[in-house]
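Student: Input: one structure, supplied below.
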Amino acid sequence: MSLIWLVLIPVIIFILFLIGTLFIFFSIPSRRDFHFFRRHAVVTGGSKGIGFQLAAGLIEKGCNVTIVARNVKDLQKACEELQLLADQRGQHQKVQWKSLDMTGDYDVIKAAFDESANELGPIDILINNAGHSVQAPFTELPISDFEKQMKVNYLSAVYATRAVVDDMKKRKTGHISFVSSAAGQFGIFGYTAYSPTKFALRGFADTLHMELLPYKVNVGVLYPPNTDTEGFKVELETMPEETKLMSDSAGLFTPKYVADAHLKDIADGNYATTIGLDGWMLGCLTAGACPEKSLGRALIQSAFAGLFRAITLVYLGYFNGITKKCYRRRLQEKEEEKNSENGRKEE
Ligand SMILES: NC(=O)c1ccc[n+]([C@@H]2O[C@H](COP(=O)([O-])OP(=O)(O)OC[C@H]3O[C@@H](n4cnc5c(N)ncnc54)[C@H](OP(=O)(O)O)[C@@H]3O)[C@@H](O)[C@H]2O)c1
């Protein structure tokens with residue numbers, strides 16, 4: 001190759017990179033910082049776990065907060081702790097709770113949200129966090145579990161969003177978050193009822209983001225990995241062996257770490273929040289046609305999508321191996337049991 005080409009090829013690549021960057025820059029929506037001070041935030045599932053830490057973080061940022069859940073005792077306890085935190089800040093912030101089944105009647109939910117807005121001011125931030133997970137192989141899950149999980153993980157977010165969005169559009173301000181899951185990016189053994197509900201949230205959020213752009217209402221999605229909460233501890237009790245082995249590789253995060261990461265993304269006007277290195281890689285890989293407001297993130301997603309696809313295929317191969325290994329072992333155990341039963345009969 002002549003010297004001229006050795007110089008020209010990198011120059012052409014650099015120019016193409018610059019043109020591509022400019023196209024992306026002018027295509028992505030502009031990022032708007034979000035200010036929390038004196039805003040009213042509603043957190044569904046705010047009495048425990050990730051929701052509680054999100055509520056605590058919102059108080060640290062100067063918000064008045066309404067937490068929503070069903071169990072009154074848990075709500076009262078959480079509200080007391082949150083009010084203490086608010087009082088320590090000396091900014092006259094208020095915390096209140098509403099006992100509400102987010103899978104219930106829409107009119108009841110709407111009335112409770114309106115009441116909350118009358119008490120603490122118009123709702124500026126909604127965090128759709130209430131959720132629940134039951135895992136088992138598909139044929140072992142009752143059909144009712146599919147219906148219940150769709151209601152609590154997906155429809156509850158639709159109801160809450162519908163209850164607040166008109167007012168946000170009118171006031172041309174607001175933020176709505178959806179707490180999905182790493183299982184909303186990656187289908188894993190045992191999650192046939194749970195995963196689709198979390199994928200559905202992402203589809204809803206992607207669509208809503210586009211509709212709300214002209215109204216300056218931000219939308220965000222949080223994809224938590226395994227997080228050390230009461231809910232996760234309950235999950236572990238019934239988690240199939242395969243699911244446990246697969247999810248062990250993802251590590252365990254504290255709810256505060258997860259909540260803080262999401263609140264930072266809300267403040268910076270980012271769309272997706274991923275947690276940890278695996279989460280970040282999965283986020284880049286599954287970004288697909290989802291909204292992106294950060295030029296840096298957009299460039300990384302564009303540059304590394306192919307490599308991350310290859311790495312994910314290796315993970316998938318490992319997970320498929322676990323599924324087959326567990327299947328073979330169970331088959332062998334059954335056979336050994338049958339043989340020993342036959343042996344006993346012959347005796
Ligand atoms: N922890 C994890 O490893 C993990 C990983 C990925 C995604 N997530 C997601 O993150 C969110 C929070 O999880 P978490 O582990 O913090 O859960 P958690 O500790 O079990 O807390 C769940 C919260 O949701 C409330 N809730 C449940 N069903 C409700 C309903 N029908 N109506 C109103 N409130 C309801 C609960 O209160 P009541 O029971 O009193 O109603 C509680 O406040 C969920 O959406 C979950 O799917 C969690």
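So you can find residues: chains in the structure tokens are A, B, ... in the order shown, residues in each start at 1, and ligands are numbered from 1 in order.
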Env of region 177-181 of chain A: 8 Å cut, atoms = only C-alpha atoms, seq-sep filter 3 positions within chain, self excluded. Answer as a list in words.
Tutor: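 Final neighbour list, sorted by chain and number: Ile125, Leu126, Ile127, Asn128, Asn129, Ala157, Gly184, Gln185, Lys198, Phe199, Leu201, Arg202, Ala205, Val219, Gly220, Val221, Leu222, Tyr223, Pro224 and Pro225 of chain A.
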Student: Please produce a file of the residues just selected, as a PDB file, in the first residue's frame, where the atoms kept are N, CA and C atoms.
Tutor:
ATOM      1  N   ILE A 125     -43.112  14.364  40.206  1.00  0.00           N
ATOM      2  CA  ILE A 125     -42.301  13.167  39.940  1.00  0.00           C
ATOM      3  C   ILE A 125     -43.129  11.951  40.324  1.00  0.00           C
ATOM      4  N   LEU A 126     -43.216  10.998  39.402  1.00  0.00           N
ATOM      5  CA  LEU A 126     -43.877   9.726  39.717  1.00  0.00           C
ATOM      6  C   LEU A 126     -42.863   8.620  39.497  1.00  0.00           C
ATOM      7  N   ILE A 127     -42.661   7.796  40.522  1.00  0.00           N
ATOM      8  CA  ILE A 127     -41.778   6.634  40.337  1.00  0.00           C
ATOM      9  C   ILE A 127     -42.611   5.371  40.471  1.00  0.00           C
ATOM     10  N   ASN A 128     -42.799   4.692  39.348  1.00  0.00           N
ATOM     11  CA  ASN A 128     -43.578   3.459  39.303  1.00  0.00           C
ATOM     12  C   ASN A 128     -42.669   2.302  39.689  1.00  0.00           C
ATOM     13  N   ASN A 129     -42.674   1.997  41.002  1.00  0.00           N
ATOM     14  CA  ASN A 129     -41.735   0.999  41.505  1.00  0.00           C
ATOM     15  C   ASN A 129     -42.427  -0.243  42.057  1.00  0.00           C
ATOM     16  N   ALA A 157     -48.435   0.606  36.797  1.00  0.00           N
ATOM     17  CA  ALA A 157     -47.671   1.757  36.283  1.00  0.00           C
ATOM     18  C   ALA A 157     -48.501   2.541  35.264  1.00  0.00           C
ATOM     19  N   GLY A 184     -36.041  -7.592  32.477  1.00  0.00           N
ATOM     20  CA  GLY A 184     -36.806  -6.905  31.433  1.00  0.00           C
ATOM     21  C   GLY A 184     -35.940  -6.623  30.219  1.00  0.00           C
ATOM     22  N   GLN A 185     -34.697  -7.155  30.267  1.00  0.00           N
ATOM     23  CA  GLN A 185     -33.775  -6.992  29.120  1.00  0.00           C
ATOM     24  C   GLN A 185     -33.309  -8.352  28.615  1.00  0.00           C
ATOM     25  N   LYS A 198     -41.863  -6.884  32.738  1.00  0.00           N
ATOM     26  CA  LYS A 198     -40.807  -5.870  32.811  1.00  0.00           C
ATOM     27  C   LYS A 198     -40.373  -5.425  31.403  1.00  0.00           C
ATOM     28  N   PHE A 199     -40.461  -6.345  30.420  1.00  0.00           N
ATOM     29  CA  PHE A 199     -40.257  -5.940  29.017  1.00  0.00           C
ATOM     30  C   PHE A 199     -41.377  -4.971  28.613  1.00  0.00           C
ATOM     31  N   LEU A 201     -42.997  -2.884  30.438  1.00  0.00           N
ATOM     32  CA  LEU A 201     -42.753  -1.543  31.000  1.00  0.00           C
ATOM     33  C   LEU A 201     -41.839  -0.744  30.092  1.00  0.00           C
ATOM     34  N   ARG A 202     -40.813  -1.412  29.578  1.00  0.00           N
ATOM     35  CA  ARG A 202     -39.869  -0.726  28.697  1.00  0.00           C
ATOM     36  C   ARG A 202     -40.567  -0.259  27.412  1.00  0.00           C
ATOM     37  N   ALA A 205     -42.643   2.707  28.308  1.00  0.00           N
ATOM     38  CA  ALA A 205     -41.824   3.897  28.582  1.00  0.00           C
ATOM     39  C   ALA A 205     -41.244   4.473  27.291  1.00  0.00           C
ATOM     40  N   VAL A 219     -39.078  11.013  30.883  1.00  0.00           N
ATOM     41  CA  VAL A 219     -39.407   9.619  31.209  1.00  0.00           C
ATOM     42  C   VAL A 219     -38.089   8.882  31.417  1.00  0.00           C
ATOM     43  N   GLY A 220     -38.066   7.957  32.373  1.00  0.00           N
ATOM     44  CA  GLY A 220     -36.840   7.180  32.607  1.00  0.00           C
ATOM     45  C   GLY A 220     -37.165   5.742  32.975  1.00  0.00           C
ATOM     46  N   VAL A 221     -36.206   4.859  32.745  1.00  0.00           N
ATOM     47  CA  VAL A 221     -36.384   3.445  33.110  1.00  0.00           C
ATOM     48  C   VAL A 221     -35.178   2.997  33.929  1.00  0.00           C
ATOM     49  N   LEU A 222     -35.473   2.332  35.045  1.00  0.00           N
ATOM     50  CA  LEU A 222     -34.404   1.767  35.894  1.00  0.00           C
ATOM     51  C   LEU A 222     -34.411   0.247  35.713  1.00  0.00           C
ATOM     52  N   TYR A 223     -33.231  -0.312  35.463  1.00  0.00           N
ATOM     53  CA  TYR A 223     -33.104  -1.765  35.291  1.00  0.00           C
ATOM     54  C   TYR A 223     -32.281  -2.341  36.449  1.00  0.00           C
ATOM     55  N   PRO A 224     -32.900  -2.607  37.604  1.00  0.00           N
ATOM     56  CA  PRO A 224     -32.089  -3.138  38.710  1.00  0.00           C
ATOM     57  C   PRO A 224     -31.684  -4.592  38.450  1.00  0.00           C
ATOM     58  N   PRO A 225     -30.471  -4.948  38.863  1.00  0.00           N
ATOM     59  CA  PRO A 225     -30.107  -6.366  38.886  1.00  0.00           C
ATOM     60  C   PRO A 225     -30.541  -6.918  40.249  1.00  0.00           C
TER      61      PRO A 225
END
Student: Compile a residue-level contact table for chain A against ligand 1 at a cut-off of 8 Å, reporting for every qualifying residue the shortest atom pair and its distance in Å to one decimal, with only C-alpha atoms and all ligand atoms counted, rows ordered by chain and ascending number, as JSON lines.
Tutor:
{"residue": "A:Thr44", "atom": "CA", "partner": "ligand 1", "partner_atom_place_in_ligand_line": "34 (N)", "distance": 5.9}
{"residue": "A:Gly45", "atom": "CA", "partner": "ligand 1", "partner_atom_place_in_ligand_line": "24 (O)", "distance": 3.3}
{"residue": "A:Gly46", "atom": "CA", "partner": "ligand 1", "partner_atom_place_in_ligand_line": "43 (O)", "distance": 4.9}
{"residue": "A:Ser47", "atom": "CA", "partner": "ligand 1", "partner_atom_place_in_ligand_line": "43 (O)", "distance": 4.0}
{"residue": "A:Lys48", "atom": "CA", "partner": "ligand 1", "partner_atom_place_in_ligand_line": "43 (O)", "distance": 4.4}
{"residue": "A:Gly49", "atom": "CA", "partner": "ligand 1", "partner_atom_place_in_ligand_line": "16 (O)", "distance": 3.4}
{"residue": "A:Ile50", "atom": "CA", "partner": "ligand 1", "partner_atom_place_in_ligand_line": "16 (O)", "distance": 3.9}
{"residue": "A:Gly51", "atom": "CA", "partner": "ligand 1", "partner_atom_place_in_ligand_line": "16 (O)", "distance": 5.6}
{"residue": "A:Phe52", "atom": "CA", "partner": "ligand 1", "partner_atom_place_in_ligand_line": "43 (O)", "distance": 7.3}
{"residue": "A:Val68", "atom": "CA", "partner": "ligand 1", "partner_atom_place_in_ligand_line": "34 (N)", "distance": 6.1}
{"residue": "A:Ala69", "atom": "CA", "partner": "ligand 1", "partner_atom_place_in_ligand_line": "34 (N)", "distance": 3.5}
{"residue": "A:Arg70", "atom": "CA", "partner": "ligand 1", "partner_atom_place_in_ligand_line": "41 (O)", "distance": 3.6}
{"residue": "A:Asn71", "atom": "CA", "partner": "ligand 1", "partner_atom_place_in_ligand_line": "40 (O)", "distance": 3.6}
{"residue": "A:Val72", "atom": "CA", "partner": "ligand 1", "partner_atom_place_in_ligand_line": "40 (O)", "distance": 7.0}
{"residue": "A:Asp74", "atom": "CA", "partner": "ligand 1", "partner_atom_place_in_ligand_line": "40 (O)", "distance": 6.4}
{"residue": "A:Leu75", "atom": "CA", "partner": "ligand 1", "partner_atom_place_in_ligand_line": "40 (O)", "distance": 7.1}
{"residue": "A:Ser99", "atom": "CA", "partner": "ligand 1", "partner_atom_place_in_ligand_line": "33 (C)", "distance": 7.6}
{"residue": "A:Leu100", "atom": "CA", "partner": "ligand 1", "partner_atom_place_in_ligand_line": "33 (C)", "distance": 5.6}
{"residue": "A:Asp101", "atom": "CA", "partner": "ligand 1", "partner_atom_place_in_ligand_line": "32 (N)", "distance": 3.7}
{"residue": "A:Met102", "atom": "CA", "partner": "ligand 1", "partner_atom_place_in_ligand_line": "32 (N)", "distance": 3.8}
{"residue": "A:Thr103", "atom": "CA", "partner": "ligand 1", "partner_atom_place_in_ligand_line": "31 (N)", "distance": 5.0}
{"residue": "A:Gly104", "atom": "CA", "partner": "ligand 1", "partner_atom_place_in_ligand_line": "31 (N)", "distance": 7.6}
{"residue": "A:Asn128", "atom": "CA", "partner": "ligand 1", "partner_atom_place_in_ligand_line": "45 (O)", "distance": 7.6}
{"residue": "A:Asn129", "atom": "CA", "partner": "ligand 1", "partner_atom_place_in_ligand_line": "45 (O)", "distance": 4.7}
{"residue": "A:Ala130", "atom": "CA", "partner": "ligand 1", "partner_atom_place_in_ligand_line": "24 (O)", "distance": 3.7}
{"residue": "A:Gly131", "atom": "CA", "partner": "ligand 1", "partner_atom_place_in_ligand_line": "45 (O)", "distance": 3.3}
{"residue": "A:His132", "atom": "CA", "partner": "ligand 1", "partner_atom_place_in_ligand_line": "47 (O)", "distance": 5.0}
{"residue": "A:Ser133", "atom": "CA", "partner": "ligand 1", "partner_atom_place_in_ligand_line": "47 (O)", "distance": 6.0}
{"residue": "A:Lys151", "atom": "CA", "partner": "ligand 1", "partner_atom_place_in_ligand_line": "31 (N)", "distance": 7.9}
{"residue": "A:Val152", "atom": "CA", "partner": "ligand 1", "partner_atom_place_in_ligand_line": "31 (N)", "distance": 5.2}
{"residue": "A:Asn153", "atom": "CA", "partner": "ligand 1", "partner_atom_place_in_ligand_line": "45 (O)", "distance": 6.1}
{"residue": "A:Ser156", "atom": "CA", "partner": "ligand 1", "partner_atom_place_in_ligand_line": "32 (N)", "distance": 7.4}
{"residue": "A:Val179", "atom": "CA", "partner": "ligand 1", "partner_atom_place_in_ligand_line": "45 (O)", "distance": 5.4}
{"residue": "A:Ser180", "atom": "CA", "partner": "ligand 1", "partner_atom_place_in_ligand_line": "7 (C)", "distance": 5.7}
{"residue": "A:Ser181", "atom": "CA", "partner": "ligand 1", "partner_atom_place_in_ligand_line": "7 (C)", "distance": 3.9}
{"residue": "A:Ala182", "atom": "CA", "partner": "ligand 1", "partner_atom_place_in_ligand_line": "6 (C)", "distance": 6.0}
{"residue": "A:Ala183", "atom": "CA", "partner": "ligand 1", "partner_atom_place_in_ligand_line": "6 (C)", "distance": 6.9}
{"residue": "A:Lys198", "atom": "CA", "partner": "ligand 1", "partner_atom_place_in_ligand_line": "47 (O)", "distance": 7.7}
{"residue": "A:Tyr223", "atom": "CA", "partner": "ligand 1", "partner_atom_place_in_ligand_line": "6 (C)", "distance": 6.5}
{"residue": "A:Pro224", "atom": "CA", "partner": "ligand 1", "partner_atom_place_in_ligand_line": "6 (C)", "distance": 4.3}
{"residue": "A:Pro225", "atom": "CA", "partner": "ligand 1", "partner_atom_place_in_ligand_line": "5 (C)", "distance": 4.8}
{"residue": "A:Asn226", "atom": "CA", "partner": "ligand 1", "partner_atom_place_in_ligand_line": "3 (O)", "distance": 3.5}
{"residue": "A:Thr227", "atom": "CA", "partner": "ligand 1", "partner_atom_place_in_ligand_line": "3 (O)", "distance": 3.6}
{"residue": "A:Asp228", "atom": "CA", "partner": "ligand 1", "partner_atom_place_in_ligand_line": "1 (N)", "distance": 5.8}
{"residue": "A:Thr229", "atom": "CA", "partner": "ligand 1", "partner_atom_place_in_ligand_line": "19 (O)", "distance": 4.7}
{"residue": "A:Glu230", "atom": "CA", "partner": "ligand 1", "partner_atom_place_in_ligand_line": "19 (O)", "distance": 4.3}
{"residue": "A:Gly231", "atom": "CA", "partner": "ligand 1", "partner_atom_place_in_ligand_line": "20 (O)", "distance": 3.1}
{"residue": "A:Phe232", "atom": "CA", "partner": "ligand 1", "partner_atom_place_in_ligand_line": "1 (N)", "distance": 4.5}
{"residue": "A:Val234", "atom": "CA", "partner": "ligand 1", "partner_atom_place_in_ligand_line": "20 (O)", "distance": 7.9}
{"residue": "A:Leu252", "atom": "CA", "partner": "ligand 1", "partner_atom_place_in_ligand_line": "3 (O)", "distance": 7.7}
{"residue": "A:Pro255", "atom": "CA", "partner": "ligand 1", "partner_atom_place_in_ligand_line": "16 (O)", "distance": 7.0}
Student: Quote the spacing between CA of Gly269 (chain A) and CA of Asn218 (chain A) in Å to one decimal place.
Tutor: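 The value is 7.2 Å.
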Student: Please run DSSP on the backbone and report, as an mmCIF file with N, CA and C atoms, in the first residue's frame, all residues within region 40-263 of chain A that come out as strand (DSSP E).
Tutor:
data_model
loop_
_atom_site.group_PDB
_atom_site.id
_atom_site.type_symbol
_atom_site.label_atom_id
_atom_site.label_comp_id
_atom_site.auth_asym_id
_atom_site.auth_seq_id
_atom_site.Cartn_x
_atom_site.Cartn_y
_atom_site.Cartn_z
ATOM 1 N N HIS A 40 -43.012 17.739 44.424
ATOM 2 C CA HIS A 40 -43.759 16.657 45.074
ATOM 3 C C HIS A 40 -43.537 15.365 44.285
ATOM 4 N N ALA A 41 -42.974 14.360 44.981
ATOM 5 C CA ALA A 41 -42.697 13.061 44.337
ATOM 6 C C ALA A 41 -43.583 11.980 44.935
ATOM 7 N N VAL A 42 -44.137 11.132 44.062
ATOM 8 C CA VAL A 42 -44.906 9.973 44.521
ATOM 9 C C VAL A 42 -44.134 8.716 44.147
ATOM 10 N N VAL A 43 -43.925 7.846 45.144
ATOM 11 C CA VAL A 43 -43.197 6.592 44.883
ATOM 12 C C VAL A 43 -44.118 5.426 45.210
ATOM 13 N N THR A 44 -44.502 4.644 44.202
ATOM 14 C CA THR A 44 -45.320 3.465 44.499
ATOM 15 C C THR A 44 -44.381 2.377 45.014
ATOM 16 N N ASN A 64 -40.940 16.986 48.645
ATOM 17 C CA ASN A 64 -41.995 16.457 49.509
ATOM 18 C C ASN A 64 -42.380 15.121 48.887
ATOM 19 N N VAL A 65 -42.665 14.126 49.743
ATOM 20 C CA VAL A 65 -42.821 12.770 49.189
ATOM 21 C C VAL A 65 -44.102 12.088 49.674
ATOM 22 N N THR A 66 -44.801 11.444 48.740
ATOM 23 C CA THR A 66 -45.905 10.547 49.095
ATOM 24 C C THR A 66 -45.471 9.127 48.760
ATOM 25 N N ILE A 67 -45.543 8.227 49.750
ATOM 26 C CA ILE A 67 -45.254 6.824 49.443
ATOM 27 C C ILE A 67 -46.572 6.056 49.389
ATOM 28 N N VAL A 68 -46.629 5.107 48.461
ATOM 29 C CA VAL A 68 -47.847 4.327 48.246
ATOM 30 C C VAL A 68 -47.514 2.838 48.365
ATOM 31 N N ALA A 69 -48.329 2.121 49.138
ATOM 32 C CA ALA A 69 -48.217 0.652 49.213
ATOM 33 C C ALA A 69 -49.516 0.155 49.844
ATOM 34 N N VAL A 95 -43.774 14.440 54.378
ATOM 35 C CA VAL A 95 -43.859 13.065 53.875
ATOM 36 C C VAL A 95 -45.236 12.533 54.269
ATOM 37 N N GLN A 96 -45.899 11.853 53.362
ATOM 38 C CA GLN A 96 -47.179 11.247 53.714
ATOM 39 C C GLN A 96 -47.309 9.884 53.030
ATOM 40 N N TRP A 97 -48.267 9.082 53.493
ATOM 41 C CA TRP A 97 -48.462 7.771 52.874
ATOM 42 C C TRP A 97 -49.904 7.595 52.439
ATOM 43 N N LYS A 98 -50.080 6.743 51.449
ATOM 44 C CA LYS A 98 -51.423 6.361 50.993
ATOM 45 C C LYS A 98 -51.449 4.851 50.893
ATOM 46 N N SER A 99 -52.419 4.237 51.571
ATOM 47 C CA SER A 99 -52.551 2.782 51.451
ATOM 48 C C SER A 99 -53.455 2.496 50.256
ATOM 49 N N ILE A 123 -48.309 16.829 41.496
ATOM 50 C CA ILE A 123 -47.288 15.766 41.456
ATOM 51 C C ILE A 123 -46.308 16.058 40.308
ATOM 52 N N ASP A 124 -45.033 16.237 40.668
ATOM 53 C CA ASP A 124 -43.995 16.562 39.679
ATOM 54 C C ASP A 124 -43.202 15.332 39.271
ATOM 55 N N ILE A 125 -43.112 14.364 40.206
ATOM 56 C CA ILE A 125 -42.301 13.167 39.940
ATOM 57 C C ILE A 125 -43.129 11.951 40.324
ATOM 58 N N LEU A 126 -43.216 10.998 39.402
ATOM 59 C CA LEU A 126 -43.877 9.726 39.717
ATOM 60 C C LEU A 126 -42.863 8.620 39.497
ATOM 61 N N ILE A 127 -42.661 7.796 40.522
ATOM 62 C CA ILE A 127 -41.778 6.634 40.337
ATOM 63 C C ILE A 127 -42.611 5.371 40.471
ATOM 64 N N ASN A 128 -42.799 4.692 39.348
ATOM 65 C CA ASN A 128 -43.578 3.459 39.303
ATOM 66 C C ASN A 128 -42.669 2.302 39.689
ATOM 67 N N HIS A 175 -41.481 14.379 35.766
ATOM 68 C CA HIS A 175 -40.661 13.207 35.448
ATOM 69 C C HIS A 175 -41.429 11.955 35.850
ATOM 70 N N ILE A 176 -41.427 10.948 34.963
ATOM 71 C CA ILE A 176 -42.071 9.658 35.267
ATOM 72 C C ILE A 176 -41.042 8.550 35.083
ATOM 73 N N SER A 177 -40.843 7.753 36.143
ATOM 74 C CA SER A 177 -39.886 6.640 36.070
ATOM 75 C C SER A 177 -40.602 5.303 36.122
ATOM 76 N N PHE A 178 -39.988 4.321 35.484
ATOM 77 C CA PHE A 178 -40.500 2.955 35.518
ATOM 78 C C PHE A 178 -39.392 2.044 36.023
ATOM 79 N N VAL A 179 -39.691 1.292 37.077
ATOM 80 C CA VAL A 179 -38.679 0.366 37.592
ATOM 81 C C VAL A 179 -38.898 -0.980 36.905
ATOM 82 N N ASN A 218 -40.127 14.428 31.358
ATOM 83 C CA ASN A 218 -39.099 13.391 31.182
ATOM 84 C C ASN A 218 -39.628 12.010 31.551
ATOM 85 N N VAL A 219 -39.078 11.013 30.883
ATOM 86 C CA VAL A 219 -39.407 9.619 31.209
ATOM 87 C C VAL A 219 -38.089 8.882 31.417
ATOM 88 N N GLY A 220 -38.066 7.957 32.373
ATOM 89 C CA GLY A 220 -36.840 7.180 32.607
ATOM 90 C C GLY A 220 -37.165 5.742 32.975
ATOM 91 N N VAL A 221 -36.206 4.859 32.745
ATOM 92 C CA VAL A 221 -36.384 3.445 33.110
ATOM 93 C C VAL A 221 -35.178 2.997 33.929
ATOM 94 N N LEU A 222 -35.473 2.332 35.045
ATOM 95 C CA LEU A 222 -34.404 1.767 35.894
ATOM 96 C C LEU A 222 -34.411 0.247 35.713
ATOM 97 N N TYR A 223 -33.231 -0.312 35.463
ATOM 98 C CA TYR A 223 -33.104 -1.765 35.291
ATOM 99 C C TYR A 223 -32.281 -2.341 36.449
#
Student: Quick one: of A:Arg329, A:Lys61, A:Lys345, A:Arg39, who's nearest to Ala117 (chain A), counting only C-alpha atoms?
Tutor: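 Of the candidates, the smallest distance to Ala117 (chain A) is held by A:Arg39.
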Student: What lies within 9 Å of Glu241 (chain A) using only C-alpha atoms, ignoring chain neighbours under 4 positions off, as a PyMOL selection string?
Tutor: chain A and resi 245-246+326
Student: Between A:Asp206, A:Glu347, A:Glu235, A:Asp260, which has the minimum distance to Ala289 (chain A) (counting only C-alpha atoms)?
Tutor: A:Asp206
Student: Quick one: of A:Ile143, A:Val164, A:Ala298, A:Ala56, who's nearest to Pro29 (chain A), counting only C-alpha atoms?
Tutor: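 The answer is A:Ala298, which sits nearest to Pro29 (chain A).
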Student: Mind giving me the straight-line distance from CA of His262 (chain A) to CA of Ala55 (chain A) in Å, one decimal?
Tutor: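 Between CA of His262 (chain A) and CA of Ala55 (chain A) the gap works out to 11.6 Å.
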Student: Can you list, as an MDAnalysis selection string, every protein, DNA or RNA residue that comes within 12 Å of Ile300 (chain A) when you count only C-alpha atoms, leaving out same-chain residues fewer than 3 positions away?
Tutor: chainID A and resid 21 24 280:281 283:285 287 292 294:297 303:308
Student: Which residue, A:Ala193, A:Leu3, A:Leu82, A:Leu277, has the smallest gap to Glu140 (chain A) when you use only C-alpha atoms?
Tutor: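 Closest to Glu140 (chain A), using only C-alpha atoms: A:Ala193.
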Student: Could you check the closest approach to Arg32 (chain A) for each of A:Phe146, A:Tyr271, A:Phe319, A:Phe186 and tell me which residue wins, using only C-alpha atoms?
Tutor: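 The shortest atom-to-atom distance to Arg32 (chain A) comes from A:Tyr271.
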Student: So which residues of region 8-108 of chain A fall under alpha helix (DSSP H) by DSSP, listed as number ranges by chain?
Tutor: A: 8-27, 49-60, 72-89, 106-108
Student: What separation in Å, quoted to one decimal, exists between CA of Ala261 (chain A) and CA of Glu60 (chain A)?
Tutor: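 Taking CA of Ala261 (chain A) as the start and CA of Glu60 (chain A) as the end point, the length is 13.9 Å.
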Student: Taking into account only C-alpha atoms, which residue in the set A:Asp105, A:Asp278, A:Asp268, A:Glu242 is nearest to Arg330 (chain A)?
Tutor: A:Glu242
